[in-house]
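Trainee: Supplied in structure tokens, the structure appears directly below.
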Amino acid sequence: MLECQVLPNNFTYPFVLKACAGIGDLNLGKSVHGSLLKFGFDGNNHVLNTLVHMYCSCKGGIQIGRKLFDEMTKNDSVPWSAMIGGYVRLGRSNDAVDLFRQMQIQGVCPDEITMVAVLCACTDLGALELGRWVESLIEKRKLNKSVELNNALIDMFAKCGDVDKALKLFRTMNERSIVSWTSVIVGLAMHGRGLQAVSLFQEMIRDGVEPDGVVFIGLLSACSHSGFVEKGKEYFDLMRKEFAILPKIEHYGCMVDMLCRAGHVREAVEFVQKMPIEPNSIVWRTLVNACRTHSELKLGENLAKQLIQNEPTLEANYVLLSNIYAKMSHWEEKTKTREVMDKKGMRKIPGSTMIELNNKIYRFVAGDMSHNQFKEIFEMVDEMGREMKRAGYVPSTSEVMLDIDEEDKEDNLNRHSEKLAIAFALMNTPPGTPIRIVKNLRVCNDCHSATKFISKIYNREIIARDRSRFHHFKDGLCSCKDFW
DNA sequence: TTAGGGTTAG
């Protein structure tokens, strides 16, 4: 277009900019922006909106997008939706929510598209209170409940811990797309409700909905999280034979995960060796992690070394190897691995736990002393430790990946971010109310066992979302039945 | 007659 003789006009630009956004090409987008200025631009808001969207959809462009956004007049929801959606895509969900609050303050009415973006931010943060507030706004404003908006609500409720509400919503929808089915199946999978996920999939087929590759990922992950190894294998075959969907690396990855979780590590290795497509590093990491949890340590060490050779710049690989050495009590080699990481300037992502209280989100890291109440929190954690021990809890000090004595290891465990967050919640919420926490990593063995005790001692339901699934703790038991 | 949106293993 830039080289043609016909002058582009304000009707042409949105199409072209949208295309740039679609392929995420910042340079191309910038050159279109340049031509727009060159040919004269009358400040048409449709074009400005698309410019904001384009910059917010391209890697490295969000700052320019924000600058344009700040400078333009914003009387309707469109630029706000574009900007909020941009933050969500970048994983800056807190910024997305802040901007939404700003929009409220400025009195601009959100529409259903804004709400979809805000709900995505809630989903990412695991912020159920906030999500419920957004739902109430949707009702209050009587916004059009499009399929997309309902899907975003289903996904939010499922991933923020209220999967029953997600199911209820799904049942009330008059019109459903494959995404609606997938959202609810994935949600059930995350909560370990594999039987329900499988039966919903069967219902979907009976209803004549054509499955796609994505819904099979949800289905296989449901089988994986519930330990349905044979069923998972059947569905994996069915994909190709019945529905002519060629399994992709993600599907193979689900199968490896499923075998690993069930403890069939050797079978998983054979499966990977026989795969018709090249396994990716995610598949290898799944295997190495399983070698650690199921004590196939020598095999895990070899695979992890191989991974480091293939991807020497990825810190996750070094963390895996280091954790395997810790479990082997090979402290010297563990230290060496850490030193290599230090030299390369790599740092492990710190584990953190988030909790929502009175419309505020609090984030804790291990040994966190940045909170106003940190002294009280530490005292509470110590008290919890004493109560738990009285009830029969034994700290699993083998979880502590440090070469220090047992007593220090216990202290270290007690300062884990989830214990701090739970202590904070016990102190600041009325007795008997459920506690919801969101972790950025997978919950460790010790915190898993401790949280079971806490749920019984303090008579609280504790709902924890970790990186891979939900754990509902109640009366000293967890919904995952220790299968995770 | 042009602008912003939903699902994906570890």
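Each chain in the structure tokens gets a letter, A, B and so on, in the order shown; residues start at 1 in every chain, and ligands are counted from 1 in the order they appear.
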Could you name the residues that touch DT8 of chain B at 9 Å or less, counting only C-alpha atoms (C1' of nucleotides), but leaving out those on the same chain fewer than 2 positions away, as a list in words?
Mentor: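 Those residues are Gly213, Val214, Val215, Ile217, Gly218 and Glu250 of chain A.
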Trainee: Which of segment 105-257 of chain A counts as helix (DSSP H, G or I) under DSSP, as a count of residues only please?
Mentor: 115
Trainee: Which is closest to chain B among A:Gln104, A:Ser57, A:Ser183, A:Ser199, if we use only C-alpha atoms (C1' of nucleotides)?
Mentor: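 Closest to chain B of all the choices is A:Ser183.
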Trainee: Which of these residues is nearest to DT7 of chain B, using only C-alpha atoms (C1' of nucleotides): A:Met156, A:Val16, A:Val288, A:Ile84?
Mentor: A:Met156
Trainee: Enumerate as a VMD selection string the residues belonging to chain A that approach chain B to within 7 Å, with only C-alpha atoms (C1' of nucleotides) taken into account.
Mentor: chain A and resid 11 14 46 to 47 49 to 50 78 to 79 81 to 82 113 116 to 117 148 to 149 151 to 152 179 182 to 183 214 217 221 250 to 251 253 to 254 282 286
Trainee: Any idea what the distance is between atom CA of Lys375 of chain A and atom CA of Ile457 of chain A?
Mentor: 22.0 Å
Trainee: If I take atom CA of Glu376 of chain A and atom CA of Ile422 of chain A, how far is one from the other in Å, to one decimal?
Mentor: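 Atom CA of Ile422 of chain A lies at a distance of 12.6 Å from atom CA of Glu376 of chain A.
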Trainee: In Å to one decimal, how far is atom CA of Thr172 of chain A from atom CA of Leu195 of chain A?
Mentor: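 It comes out at 21.2 Å.
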Trainee: Could you give me, as a VMD selection string, the residues within 12 Å of Met369 of chain A, counting only C-alpha atoms (C1' of nucleotides) and dropping anything in the same chain fewer than 5 positions from it?
Mentor: chain A and resid 363 to 364 374 to 378 415 417 420
Trainee: Using only N, CA, C and O atoms, please write the residues we just selected to a file, as a PDB file, in the first residue's frame.
Mentor:
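Dumped everything to selection_39.pdb:
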ATOM      1  N   ARG A 363       0.800  -9.562  48.251  1.00  0.00           N
ATOM      2  CA  ARG A 363       1.704 -10.565  47.714  1.00  0.00           C
ATOM      3  C   ARG A 363       2.797 -10.852  48.746  1.00  0.00           C
ATOM      4  O   ARG A 363       3.363  -9.921  49.323  1.00  0.00           O
ATOM      5  N   PHE A 364       3.058 -12.132  48.976  1.00  0.00           N
ATOM      6  CA  PHE A 364       4.090 -12.531  49.923  1.00  0.00           C
ATOM      7  C   PHE A 364       5.185 -13.322  49.232  1.00  0.00           C
ATOM      8  O   PHE A 364       4.885 -14.148  48.368  1.00  0.00           O
ATOM      9  N   PHE A 374       4.292  -7.633  59.729  1.00  0.00           N
ATOM     10  CA  PHE A 374       5.168  -8.800  59.579  1.00  0.00           C
ATOM     11  C   PHE A 374       5.534  -9.479  60.892  1.00  0.00           C
ATOM     12  O   PHE A 374       5.608 -10.695  60.969  1.00  0.00           O
ATOM     13  N   LYS A 375       5.666  -8.689  61.978  1.00  0.00           N
ATOM     14  CA  LYS A 375       6.009  -9.302  63.272  1.00  0.00           C
ATOM     15  C   LYS A 375       4.884 -10.218  63.741  1.00  0.00           C
ATOM     16  O   LYS A 375       5.124 -11.345  64.158  1.00  0.00           O
ATOM     17  N   GLU A 376       3.668  -9.712  63.649  1.00  0.00           N
ATOM     18  CA  GLU A 376       2.506 -10.507  64.059  1.00  0.00           C
ATOM     19  C   GLU A 376       2.373 -11.746  63.169  1.00  0.00           C
ATOM     20  O   GLU A 376       2.028 -12.822  63.648  1.00  0.00           O
ATOM     21  N   ILE A 377       2.657 -11.559  61.882  1.00  0.00           N
ATOM     22  CA  ILE A 377       2.546 -12.694  60.951  1.00  0.00           C
ATOM     23  C   ILE A 377       3.539 -13.795  61.342  1.00  0.00           C
ATOM     24  O   ILE A 377       3.193 -14.970  61.421  1.00  0.00           O
ATOM     25  N   PHE A 378       4.781 -13.384  61.645  1.00  0.00           N
ATOM     26  CA  PHE A 378       5.792 -14.376  62.026  1.00  0.00           C
ATOM     27  C   PHE A 378       5.403 -15.089  63.323  1.00  0.00           C
ATOM     28  O   PHE A 378       5.595 -16.287  63.475  1.00  0.00           O
ATOM     29  N   ARG A 415       8.748 -20.115  56.891  1.00  0.00           N
ATOM     30  CA  ARG A 415       8.704 -18.778  56.288  1.00  0.00           C
ATOM     31  C   ARG A 415       8.303 -18.830  54.808  1.00  0.00           C
ATOM     32  O   ARG A 415       8.423 -17.853  54.102  1.00  0.00           O
ATOM     33  N   SER A 417       6.185 -18.621  51.475  1.00  0.00           N
ATOM     34  CA  SER A 417       5.213 -17.563  51.217  1.00  0.00           C
ATOM     35  C   SER A 417       3.773 -18.000  51.481  1.00  0.00           C
ATOM     36  O   SER A 417       2.969 -17.215  51.968  1.00  0.00           O
ATOM     37  N   LEU A 420       3.000 -17.742  55.203  1.00  0.00           N
ATOM     38  CA  LEU A 420       2.838 -16.337  55.617  1.00  0.00           C
ATOM     39  C   LEU A 420       1.464 -15.816  55.187  1.00  0.00           C
ATOM     40  O   LEU A 420       0.761 -15.156  55.962  1.00  0.00           O
TER      41      LEU A 420
END
Trainee: Within 8 Å of segment 301-311 of chain A, counting only C-alpha atoms (C1' of nucleotides), which residues show up once you throw out same-chain ones fewer than 3 positions away? Write them as an mmCIF file with C-alpha atoms, in the first residue's frame, please.
Mentor:
data_model
loop_
_atom_site.group_PDB
_atom_site.id
_atom_site.type_symbol
_atom_site.label_atom_id
_atom_site.label_comp_id
_atom_site.auth_asym_id
_atom_site.auth_seq_id
_atom_site.Cartn_x
_atom_site.Cartn_y
_atom_site.Cartn_z
ATOM 1 C CA SER A 281 12.213 -28.812 26.056
ATOM 2 C CA TRP A 284 12.012 -32.994 28.697
ATOM 3 C CA ARG A 285 11.515 -30.760 31.718
ATOM 4 C CA VAL A 288 13.173 -34.438 34.650
ATOM 5 C CA LEU A 297 17.584 -39.391 40.381
ATOM 6 C CA LYS A 298 20.399 -40.723 38.210
ATOM 7 C CA LEU A 314 17.497 -21.153 30.321
ATOM 8 C CA ASN A 317 17.106 -26.172 33.478
ATOM 9 C CA TYR A 318 19.732 -25.281 36.083
ATOM 10 C CA LEU A 320 15.972 -28.621 37.901
ATOM 11 C CA LEU A 321 19.504 -30.003 38.055
ATOM 12 C CA ILE A 324 17.960 -33.079 41.854
ATOM 13 C CA TYR A 325 21.388 -32.699 43.471
#
Trainee: Ser449 of chain A: which residues within 9 Å, counting only C-alpha atoms (C1' of nucleotides), same-chain residues fewer than 3 positions away excluded, as a list in words?
Mentor: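 The contact residues come out as Tyr393, Val394, Pro395, Ser396, Cys444, Asn445, Asp446, Lys452, Phe453, Ile454, Gly476, Leu477 and Cys478 of chain A.
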